[in-house]
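File shown here: coords.txt, holding compact mmCIF, C-alpha atoms.
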# COMPACT_ATOMS: atom_id res chain seq x y z
CA MET A 1 -72.06 -67.66 -7.60
CA PHE A 2 -69.60 -68.79 -10.17
CA HIS A 3 -71.76 -70.62 -12.66
CA HIS A 4 -74.30 -67.85 -12.98
CA ILE A 5 -74.54 -64.93 -15.32
CA ALA A 6 -76.58 -61.80 -14.71
CA LEU A 7 -79.66 -61.45 -16.89
CA GLY A 8 -78.75 -57.82 -17.52
CA ASP A 9 -75.71 -59.00 -19.47
CA VAL A 10 -78.02 -60.65 -22.00
CA GLN A 11 -79.76 -57.31 -22.47
CA ILE A 12 -76.42 -55.55 -22.98
CA ILE A 13 -75.46 -58.04 -25.70
CA ALA A 14 -78.87 -57.59 -27.32
CA ALA A 15 -78.44 -53.80 -27.24
CA VAL A 16 -74.99 -54.00 -28.84
CA LEU A 17 -76.26 -56.30 -31.60
CA PHE A 18 -79.26 -54.06 -32.26
CA CYS A 19 -77.06 -50.99 -32.62
CA LEU A 20 -74.69 -52.85 -34.94
CA GLY A 21 -77.65 -53.82 -37.11
CA LEU A 22 -78.93 -50.23 -37.07
CA ALA A 23 -75.49 -48.98 -38.09
CA VAL A 24 -75.38 -51.45 -40.98
CA ALA A 25 -78.87 -50.48 -42.15
CA LEU A 26 -78.16 -46.75 -41.91
CA THR A 27 -74.65 -46.50 -43.32
CA ARG A 28 -74.16 -49.19 -45.95
CA ARG A 29 -75.49 -48.46 -49.44
CA ASN A 30 -75.66 -52.01 -50.76
CA VAL A 31 -79.23 -53.34 -50.65
CA PHE A 32 -78.13 -56.80 -49.48
CA LEU A 33 -76.26 -55.31 -46.53
CA LEU A 34 -79.31 -53.13 -45.84
CA LEU A 35 -81.56 -56.21 -45.63
CA MET A 36 -79.02 -58.08 -43.51
CA GLY A 37 -78.80 -55.15 -41.07
CA ILE A 38 -82.57 -55.37 -40.60
CA GLU A 39 -82.29 -59.12 -39.99
CA LEU A 40 -79.60 -58.46 -37.37
CA MET A 41 -81.87 -55.97 -35.60
CA LEU A 42 -84.71 -58.53 -35.54
CA ASN A 43 -82.32 -61.12 -34.07
CA ALA A 44 -81.25 -58.72 -31.32
CA VAL A 45 -84.89 -58.14 -30.37
CA ASN A 46 -85.41 -61.91 -30.21
CA LEU A 47 -82.46 -62.24 -27.86
CA SER A 48 -83.88 -59.48 -25.68
CA PHE A 49 -87.24 -61.29 -25.49
CA VAL A 50 -85.61 -64.57 -24.49
CA GLY A 51 -83.44 -62.84 -21.90
CA PHE A 52 -86.42 -61.13 -20.28
CA SER A 53 -88.51 -64.29 -20.35
CA ARG A 54 -85.80 -66.15 -18.43
CA GLY A 55 -86.40 -63.89 -15.44
CA LEU A 56 -90.09 -64.78 -15.22
CA ASP A 57 -91.76 -67.85 -13.85
CA ALA A 58 -92.38 -70.85 -16.10
CA GLN A 59 -95.76 -69.98 -17.56
CA ALA A 60 -94.98 -66.34 -18.31
CA SER A 61 -91.62 -67.45 -19.68
CA LEU A 62 -93.34 -69.44 -22.43
CA VAL A 63 -95.03 -66.29 -23.71
CA GLY A 64 -91.64 -64.60 -23.92
CA GLN A 65 -90.29 -67.50 -25.94
CA MET A 66 -93.32 -67.57 -28.24
CA THR A 67 -92.99 -64.00 -29.49
CA PRO A 68 -89.62 -64.63 -31.22
CA ILE A 69 -91.27 -67.43 -33.23
CA PHE A 70 -93.65 -64.90 -34.73
CA ILE A 71 -90.74 -62.54 -35.38
CA ILE A 72 -88.82 -65.32 -37.15
CA ALA A 73 -91.83 -66.09 -39.35
CA ILE A 74 -92.26 -62.42 -40.25
CA ALA A 75 -88.53 -62.12 -40.95
CA ALA A 76 -88.75 -65.06 -43.33
CA ALA A 77 -91.64 -63.45 -45.18
CA GLU A 78 -89.81 -60.11 -45.25
CA ALA A 79 -86.68 -61.74 -46.68
CA CYS A 80 -88.69 -63.45 -49.44
CA VAL A 81 -90.57 -60.33 -50.48
CA GLY A 82 -87.56 -58.05 -50.09
CA LEU A 83 -85.24 -60.22 -52.14
CA ALA A 84 -87.90 -60.68 -54.86
CA MET A 85 -88.23 -56.88 -55.04
CA VAL A 86 -84.45 -56.51 -55.20
CA ILE A 87 -84.25 -58.95 -58.11
CA CYS A 88 -87.05 -57.15 -59.98
CA ILE A 89 -85.51 -53.70 -59.47
CA VAL A 90 -81.94 -54.76 -60.22
CA ARG A 91 -83.04 -56.25 -63.55
CA GLY A 92 -83.98 -52.75 -64.71
CA ARG A 93 -81.35 -50.65 -62.92
CA GLU A 94 -78.19 -52.72 -63.29
CA SER A 95 -77.09 -51.53 -59.85
CA LEU A 96 -77.21 -52.77 -56.28
CA ASP A 97 -76.70 -49.34 -54.73
CA SER A 98 -79.72 -48.19 -52.77
CA ASP A 99 -79.23 -44.65 -54.11
CA ALA A 100 -80.06 -45.98 -57.57
CA PHE A 101 -83.54 -46.86 -56.32
CA ALA A 102 -84.22 -43.31 -55.15
CA ASP A 103 -86.31 -42.31 -58.15
CA MET A 104 -89.11 -44.64 -57.06
CA LYS A 105 -90.50 -41.59 -55.27
CA GLU A 106 -90.88 -39.58 -58.46
CA MET B 1 -66.33 -83.53 -10.80
CA LEU B 2 -69.08 -83.08 -13.35
CA HIS B 3 -70.54 -80.22 -11.34
CA VAL B 4 -67.21 -78.41 -11.30
CA LEU B 5 -66.94 -78.85 -15.06
CA ASP B 6 -70.48 -77.50 -15.51
CA ALA B 7 -69.72 -74.52 -13.32
CA ILE B 8 -66.70 -73.56 -15.40
CA LEU B 9 -68.01 -74.45 -18.85
CA GLY B 10 -71.46 -72.86 -18.61
CA PRO B 11 -70.53 -69.15 -18.38
CA ALA B 12 -67.52 -69.83 -20.61
CA TYR B 13 -69.85 -71.03 -23.36
CA PHE B 14 -72.14 -68.06 -22.82
CA TRP B 15 -69.35 -65.49 -23.12
CA LEU B 16 -67.81 -67.38 -26.04
CA PHE B 17 -71.09 -67.25 -27.98
CA ALA B 18 -71.66 -63.63 -26.95
CA SER B 19 -68.24 -62.50 -28.15
CA ILE B 20 -68.57 -64.46 -31.40
CA SER B 21 -71.94 -62.85 -32.10
CA MET B 22 -70.70 -59.32 -31.40
CA LEU B 23 -67.50 -59.78 -33.43
CA CYS B 24 -69.48 -61.19 -36.35
CA GLY B 25 -71.88 -58.24 -36.11
CA LEU B 26 -68.89 -55.90 -36.35
CA GLY B 27 -67.63 -57.93 -39.31
CA LEU B 28 -71.00 -57.43 -41.03
CA LEU B 29 -70.72 -53.68 -40.53
CA LEU B 30 -67.21 -53.59 -42.02
CA SER B 31 -67.58 -56.24 -44.73
CA ARG B 32 -66.40 -55.26 -48.20
CA HIS B 33 -68.65 -57.67 -50.07
CA PRO B 34 -72.26 -58.82 -49.52
CA ILE B 35 -71.24 -62.49 -49.48
CA ASN B 36 -68.78 -61.81 -46.61
CA GLY B 37 -71.54 -59.99 -44.78
CA ALA B 38 -73.88 -62.95 -45.25
CA LEU B 39 -71.30 -65.35 -43.79
CA TYR B 40 -70.79 -63.03 -40.80
CA LEU B 41 -74.55 -62.86 -40.28
CA ILE B 42 -74.77 -66.66 -40.30
CA GLY B 43 -72.10 -66.63 -37.57
CA VAL B 44 -74.24 -64.23 -35.51
CA MET B 45 -77.31 -66.44 -35.89
CA LEU B 46 -75.54 -69.67 -34.96
CA SER B 47 -74.00 -68.15 -31.83
CA LEU B 48 -77.39 -66.65 -30.87
CA SER B 49 -78.83 -70.15 -31.20
CA GLY B 50 -76.22 -71.37 -28.72
CA ILE B 51 -77.19 -68.58 -26.31
CA TYR B 52 -80.87 -69.58 -26.61
CA ALA B 53 -79.95 -73.16 -25.76
CA LEU B 54 -77.99 -72.00 -22.71
CA LEU B 55 -80.95 -69.85 -21.63
CA HIS B 56 -83.19 -72.94 -21.56
CA SER B 57 -85.10 -72.15 -24.75
CA PRO B 58 -84.39 -75.32 -26.73
CA PHE B 59 -87.19 -75.04 -29.29
CA LEU B 60 -86.19 -71.52 -30.22
CA ALA B 61 -82.55 -72.57 -30.53
CA VAL B 62 -83.48 -75.30 -33.00
CA LEU B 63 -85.80 -72.98 -34.89
CA GLN B 64 -83.08 -70.34 -35.09
CA VAL B 65 -80.73 -72.74 -36.85
CA LEU B 66 -83.41 -74.23 -39.08
CA VAL B 67 -85.22 -71.10 -40.22
CA TYR B 68 -82.72 -68.27 -39.89
CA ALA B 69 -79.36 -69.85 -40.60
CA GLY B 70 -80.86 -72.56 -42.81
CA ALA B 71 -83.63 -71.01 -44.85
CA ILE B 72 -83.37 -67.22 -44.76
CA MET B 73 -79.62 -66.87 -45.05
CA MET B 74 -79.45 -69.57 -47.72
CA LEU B 75 -81.99 -67.56 -49.70
CA VAL B 76 -79.93 -64.39 -49.26
CA VAL B 77 -76.71 -66.09 -50.34
CA PHE B 78 -78.49 -67.66 -53.30
CA VAL B 79 -79.86 -64.33 -54.50
CA ILE B 80 -76.47 -62.64 -54.08
CA MET B 81 -74.92 -65.27 -56.30
CA VAL B 82 -77.76 -65.15 -58.84
CA LEU B 83 -77.20 -61.42 -59.17
CA ASN B 84 -73.53 -62.11 -59.89
CA GLN B 85 -72.21 -60.41 -56.81
CA ALA B 86 -69.78 -63.21 -55.97
CA LYS B 87 -67.12 -61.83 -58.27
CA GLU B 88 -63.96 -60.17 -57.09
CA HIS B 89 -64.91 -56.59 -56.60
CA VAL B 90 -65.56 -54.60 -53.49
CA ILE B 91 -68.28 -52.16 -52.63
CA PRO B 92 -67.58 -48.76 -51.08
CA LEU B 93 -67.42 -48.97 -47.30
CA PHE B 94 -68.42 -45.57 -45.95
CA ASP B 95 -68.53 -42.05 -47.25
CA TRP B 96 -68.82 -38.89 -45.18
CA PHE B 97 -72.57 -38.73 -45.51
CA SER B 98 -73.12 -42.30 -44.37
CA LEU B 99 -70.63 -41.89 -41.52
CA ALA B 100 -73.08 -39.35 -40.09
CA GLY B 101 -75.53 -42.25 -39.90
CA LEU B 102 -73.27 -43.88 -37.33
CA ILE B 103 -74.08 -41.19 -34.77
CA LEU B 104 -77.56 -42.50 -34.00
CA PRO B 105 -76.53 -46.15 -33.32
CA VAL B 106 -73.58 -45.07 -31.19
CA VAL B 107 -75.70 -42.72 -29.07
CA LEU B 108 -78.52 -45.25 -28.79
CA GLY B 109 -76.14 -48.06 -27.87
CA GLY B 110 -74.41 -45.99 -25.22
CA ALA B 111 -77.74 -44.97 -23.70
CA LEU B 112 -79.06 -48.56 -23.68
CA VAL B 113 -75.92 -50.07 -22.16
CA THR B 114 -75.60 -47.45 -19.45
CA THR B 115 -79.29 -47.89 -18.63
CA ALA B 116 -78.87 -51.65 -18.35
CA LEU B 117 -75.84 -51.20 -16.12
CA GLN B 118 -77.38 -48.64 -13.81
CA VAL B 119 -80.77 -50.09 -12.97
CA LYS B 120 -81.47 -50.79 -9.33
CA PRO B 121 -84.40 -52.38 -7.59
CA THR B 122 -86.57 -49.79 -5.94
CA PHE B 123 -88.44 -49.91 -2.67
CA THR B 124 -91.67 -48.36 -1.61
CA LEU B 125 -91.92 -48.29 2.14
CA ASN B 126 -95.50 -48.16 3.37
CA ASP B 127 -94.93 -48.08 7.06
CA PRO B 128 -97.16 -45.66 8.99
CA LEU B 129 -96.25 -47.15 12.36
CA GLY B 130 -92.51 -47.08 11.75
CA LEU B 131 -91.92 -50.79 12.22
CA ILE B 132 -89.47 -51.54 9.43
CA GLU B 133 -86.07 -50.06 8.99
CA ALA B 134 -84.95 -49.36 5.46
CA PRO B 135 -84.30 -52.66 3.69
CA ILE B 136 -80.89 -53.34 2.23
CA ALA B 137 -80.83 -54.98 -1.18
CA ASP B 138 -78.15 -56.90 -2.99
CA GLN B 139 -78.90 -55.92 -6.56
CA SER B 140 -77.23 -58.77 -8.34
CA ALA B 141 -78.86 -61.59 -6.41
CA LEU B 142 -82.37 -60.31 -5.59
CA ARG B 143 -81.41 -60.56 -1.93
CA VAL B 144 -82.99 -58.21 0.56
CA GLN B 145 -82.16 -57.79 4.21
CA PHE B 146 -85.18 -56.86 6.29
CA ASN B 147 -84.89 -55.35 9.75
CA ALA B 148 -87.68 -54.65 12.18
CA ILE B 149 -87.49 -52.17 15.03
CA ASN B 150 -86.81 -53.44 18.49
CA ALA B 151 -90.23 -53.81 20.08
CA GLY B 152 -89.16 -55.22 23.39
CA ASP B 153 -88.08 -58.57 24.73
CA LYS B 154 -91.39 -60.36 24.57
CA ALA B 155 -92.44 -59.20 21.14
CA THR B 156 -92.83 -61.72 18.34
CA TYR B 157 -92.11 -60.88 14.74
CA GLN B 158 -93.76 -62.51 11.77
CA TRP B 159 -92.64 -61.73 8.24
CA GLU B 160 -94.46 -62.59 5.05
CA PHE B 161 -92.21 -61.90 2.13
CA GLY B 162 -94.84 -61.78 -0.58
CA ASP B 163 -93.70 -64.88 -2.41
CA ARG B 164 -95.64 -67.29 -0.18
CA THR B 165 -92.78 -67.71 2.23
CA SER B 166 -92.73 -66.47 5.78
CA ALA B 167 -90.34 -66.39 8.67
CA GLY B 168 -90.09 -65.20 12.23
CA GLY B 169 -87.37 -63.23 13.89
CA ARG B 170 -86.43 -59.60 14.00
CA GLN B 171 -83.92 -59.67 11.19
CA ASN B 172 -84.32 -61.64 8.03
CA ASP B 173 -82.22 -62.16 4.97
CA HIS B 174 -84.44 -63.14 2.10
CA THR B 175 -83.61 -64.03 -1.48
CA TYR B 176 -86.32 -63.83 -4.10
CA ALA B 177 -86.40 -66.49 -6.77
CA ALA B 178 -87.25 -64.24 -9.69
CA ALA B 179 -87.51 -60.58 -10.46
CA GLY B 180 -90.90 -59.06 -9.84
CA THR B 181 -92.99 -56.97 -7.52
CA TYR B 182 -93.36 -58.28 -4.02
CA THR B 183 -95.02 -56.84 -0.96
CA ALA B 184 -93.36 -57.96 2.19
CA LYS B 185 -95.44 -57.66 5.35
CA LEU B 186 -94.39 -57.53 8.97
CA THR B 187 -96.61 -58.23 11.94
CA ILE B 188 -95.35 -57.43 15.43
CA ALA B 189 -97.22 -58.67 18.47
CA ASP B 190 -95.88 -57.60 21.84
CA SER B 191 -96.86 -58.41 25.38
CA ALA B 192 -99.29 -55.54 25.69
CA SER B 193 -101.23 -57.16 22.81
CA LYS B 194 -100.46 -54.30 20.53
CA ASN B 195 -100.44 -55.55 16.96
CA GLY B 196 -98.96 -53.62 14.15
CA THR B 197 -98.43 -54.41 10.50
CA ALA B 198 -96.26 -52.71 7.98
CA SER B 199 -95.46 -53.54 4.43
CA VAL B 200 -92.59 -52.87 2.09
CA THR B 201 -92.89 -53.25 -1.64
CA PHE B 202 -89.83 -54.59 -3.34
CA GLN B 203 -90.15 -53.67 -6.96
CA SER B 204 -87.61 -54.85 -9.43
CA VAL B 205 -87.14 -52.57 -12.40
CA SER B 206 -87.60 -53.40 -16.05
CA VAL B 207 -84.27 -55.12 -16.52
CA PRO B 208 -84.16 -58.21 -14.34
CA ARG B 209 -81.05 -58.23 -12.23
CA GLY B 210 -81.46 -61.82 -11.24
CA GLU B 211 -79.05 -64.51 -12.17
CA VAL B 212 -79.74 -67.67 -14.06
CA ALA B 213 -77.89 -70.90 -13.78
CA ILE B 214 -76.07 -71.55 -17.02
CA LEU B 215 -74.93 -75.11 -16.96
CA ALA B 216 -72.97 -76.75 -19.70
CA ALA B 217 -75.04 -79.84 -19.00
CA THR B 218 -77.91 -78.25 -20.90
CA MET B 219 -75.90 -78.57 -24.08
CA PHE B 220 -74.51 -82.06 -23.73
CA ASN B 221 -76.40 -84.04 -21.15
CA SER B 222 -79.58 -85.78 -22.14
CA HIS B 223 -81.07 -86.62 -18.77
CA ARG B 224 -80.46 -83.78 -16.34
CA ASN B 225 -81.60 -80.58 -17.96
CA GLY B 226 -83.40 -81.68 -21.05
CA PRO B 227 -82.32 -83.16 -24.36
CA GLY B 228 -78.71 -82.65 -25.29
CA TYR B 229 -78.90 -82.45 -29.04
CA TYR B 230 -78.33 -78.70 -29.40
CA LEU B 231 -74.70 -79.25 -30.17
CA LEU B 232 -75.72 -81.49 -33.05
CA PHE B 233 -77.77 -78.67 -34.51
CA GLU B 234 -74.84 -76.32 -34.10
CA LEU B 235 -72.70 -78.85 -35.97
CA ILE B 236 -75.29 -79.01 -38.74
CA GLY B 237 -75.13 -75.23 -38.90
CA VAL B 238 -71.35 -75.31 -39.19
CA LEU B 239 -71.65 -77.88 -41.98
CA LEU B 240 -74.09 -75.54 -43.72
CA LEU B 241 -71.59 -72.72 -43.36
CA ALA B 242 -68.88 -74.92 -44.86
CA ALA B 243 -71.19 -75.75 -47.77
CA VAL B 244 -71.84 -72.05 -48.42
CA VAL B 245 -68.14 -71.22 -48.29
CA GLY B 246 -67.39 -74.11 -50.62
CA ALA B 247 -70.04 -72.94 -53.07
CA VAL B 248 -68.58 -69.42 -53.06
CA VAL B 249 -65.05 -70.69 -53.60
CA LEU B 250 -66.15 -72.96 -56.42
CA ALA B 251 -68.13 -70.16 -58.04
CA LYS B 252 -65.19 -67.81 -57.88
CA ARG B 253 -62.80 -70.36 -59.30
CA ASN B 254 -64.77 -72.07 -62.02
CA LEU B 255 -67.44 -69.76 -63.34
CA ASP B 256 -66.52 -67.69 -66.31
CA SER B 257 -69.16 -65.04 -65.99
CA PRO B 258 -69.76 -61.74 -67.75
CA PRO B 259 -68.41 -58.64 -66.00
CA PRO B 260 -70.15 -57.79 -62.74
CA LEU B 261 -72.87 -55.24 -62.22
CA LYS B 262 -72.07 -51.66 -61.42
CA VAL B 263 -72.23 -50.86 -57.73
CA THR B 264 -70.74 -47.37 -57.70
CA ASN B 265 -72.52 -44.21 -56.69
CA GLU B 266 -73.04 -42.97 -60.21
CA GLU B 267 -75.79 -40.51 -61.00
CA GLY B 268 -77.80 -40.45 -64.17
CA HIS B 269 -80.81 -42.68 -63.66
CA HIS B 270 -83.31 -39.83 -63.45

Is it possible to express this structure as C-alpha cells?
Amino acid sequence: MFHHIALGDVQIIAAVLFCLGLAVALTRRNVFLLLMGIELMLNAVNLSFVGFSRGLDAQASLVGQMTPIFIIAIAAAEACVGLAMVICIVRGRESLDSDAFADMKE
Amino acid sequence: MLHVLDAILGPAYFWLFASISMLCGLGLLLSRHPINGALYLIGVMLSLSGIYALLHSPFLAVLQVLVYAGAIMMLVVFVIMVLNQAKEHVIPLFDWFSLAGLILPVVLGGALVTTALQVKPTFTLNDPLGLIEAPIADQSALRVQFNAINAGDKATYQWEFGDRTSAGGRQNDHTYAAAGTYTAKLTIADSASKNGTASVTFQSVSVPRGEVAILAATMFNSHRNGPGYYLLFELIGVLLLAAVVGAVVLAKRNLDSPPPLKVTNEEGHH
C-alpha cells in the first residue's frame, strides 16, 4: 500500500531520538544542554508509546495515549525544579559547567 | 483526486516531520550555545507534535505544542537569558573524555534499530493430527496464508482465524487487522465422519509490524478523520519560535550587559 507506513518505522525514529538525547546528556558539560538532553529522551519515549498504541485496538490505544500525558506533566515539574536548582547553584558558582557542581558530593 | 492527494501527502508529511525531528536532535547534540540547542529542541517537539497528529492522537499533539513547546521550552529559554547566556560566546563542544560517552548511545541505538528491523511474527503450531501445513506470513502486512492438508474430495474445511472471522475452503489468505496473538483453528470433516481440529497460534512480536493509514486529510480536513485544526497549532508553534528568535536577536543587539559568566573547565572550586 502506498499511503501506509510501517509502525516499526515509528519505533526506529523513537530509538534514534532517544539515543541522540542520551548522547547530549552524557557528553555535553553545559547544564542547560544536560537538561534538554533529558527532555529529548522523554519525548522519544512518548513517541514510542504513541507508536505502540496505534497498533492496538481503540480502547487499549487510549491507555497508550494517556501515559505520555503523565510523562509530559512530570517533565514540566522536572524542568521547573531543575531550572530553579540551576539558578540557585549558578548564583554561588558563577559557572554553568556541570563539573563545577561536582563538589556537592563532598 | 482528493484520495490520490491524501495517498501522496500522508507519508510525505510523516517522513518530513521525522527527518526534521532527527536533524534537529543532531543539531542539539552539536550546538555551540544553549540558546541554539533550545531552538533545535523546540523544532524536535513541534515535528513530534505533527507525527502525533498523523498517528491519530490529536489531544496529545495539541498538548505537545501547548505544554512542551509552549511552557517548558519557554521557561528554559527564559532562564538561559536570565543567566546571561545569550551573549556571543561559545561553550566547548566535546573533549576526549566526553567523546567516550558517545559509545553507549551509539551501541544502544544500533542495537535498538537492528532489533526493530529484524523482528518477525512467530508461529506456534499445535497440530497433533497433522492437519495444517506451515503457515506463510507476510511480515509487513499481518497477512498469513493458511493451508490445510488434502483430506479427500468430500471433506469440508472450516477455519476460525481467532479474530471472530471464519471461512471455508482448503486454502485461505487472511489479513489480521492489528498486531496481537491469535489462535487460528481448523476443523476438517470428511465423509467417514472423522472430525479433526488443529490450531495455530499467530503471535506478533513486541514491535508491531502492521501498517497504519496515514492520510493527509487528518491534518486539514474537518469532517472525514476528525477536526483539522492541528495545522493551526503548528502555525502557533512556529509563531512562538519566531518570537523566541526575535527576542534573542533583540537581546543580542540592544542589551549592554556585563561580561558573561565563565563556562570553561577551570578547576579551583574545592

inquiry  = Show me, as an MDAnalysis selection string, every residue of chain A with an atom at most 8 Å from chain B, counting all atoms listed in the file.
reply    = chainID A and resid 2:8 11:13 15:17 19:24 26:28 30 32:33 36 40 43 47 50:52 54:57 65 68:69 72 76 79:80 83 87 94:97 99:100 103

task = Record the distance separating atom CA of A:Ala75 and atom CA of A:Asp9, expressed in Å with one decimal.
result =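 It comes out at 25.2 Å.
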
query = So, counting only C-alpha atoms, which residue among B:Val144, B:Val238, B:Val245, B:Val62 is closest to B:Gly43?
reply =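 Closest to B:Gly43, using only C-alpha atoms: B:Val238.
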
query = Of the candidates A:Leu62, A:Glu78, A:Val31, A:Val45, which one gets nearest to A:Val90 if we count all atoms listed in the file?
reply = A:Val31

ask   = Contacts of B:Glu160 at 8 Å or less, counting only C-alpha atoms, minus same-chain residues fewer than 4 places along, as a PyMOL selection string?
value = chain B and resi 164-167+184-186
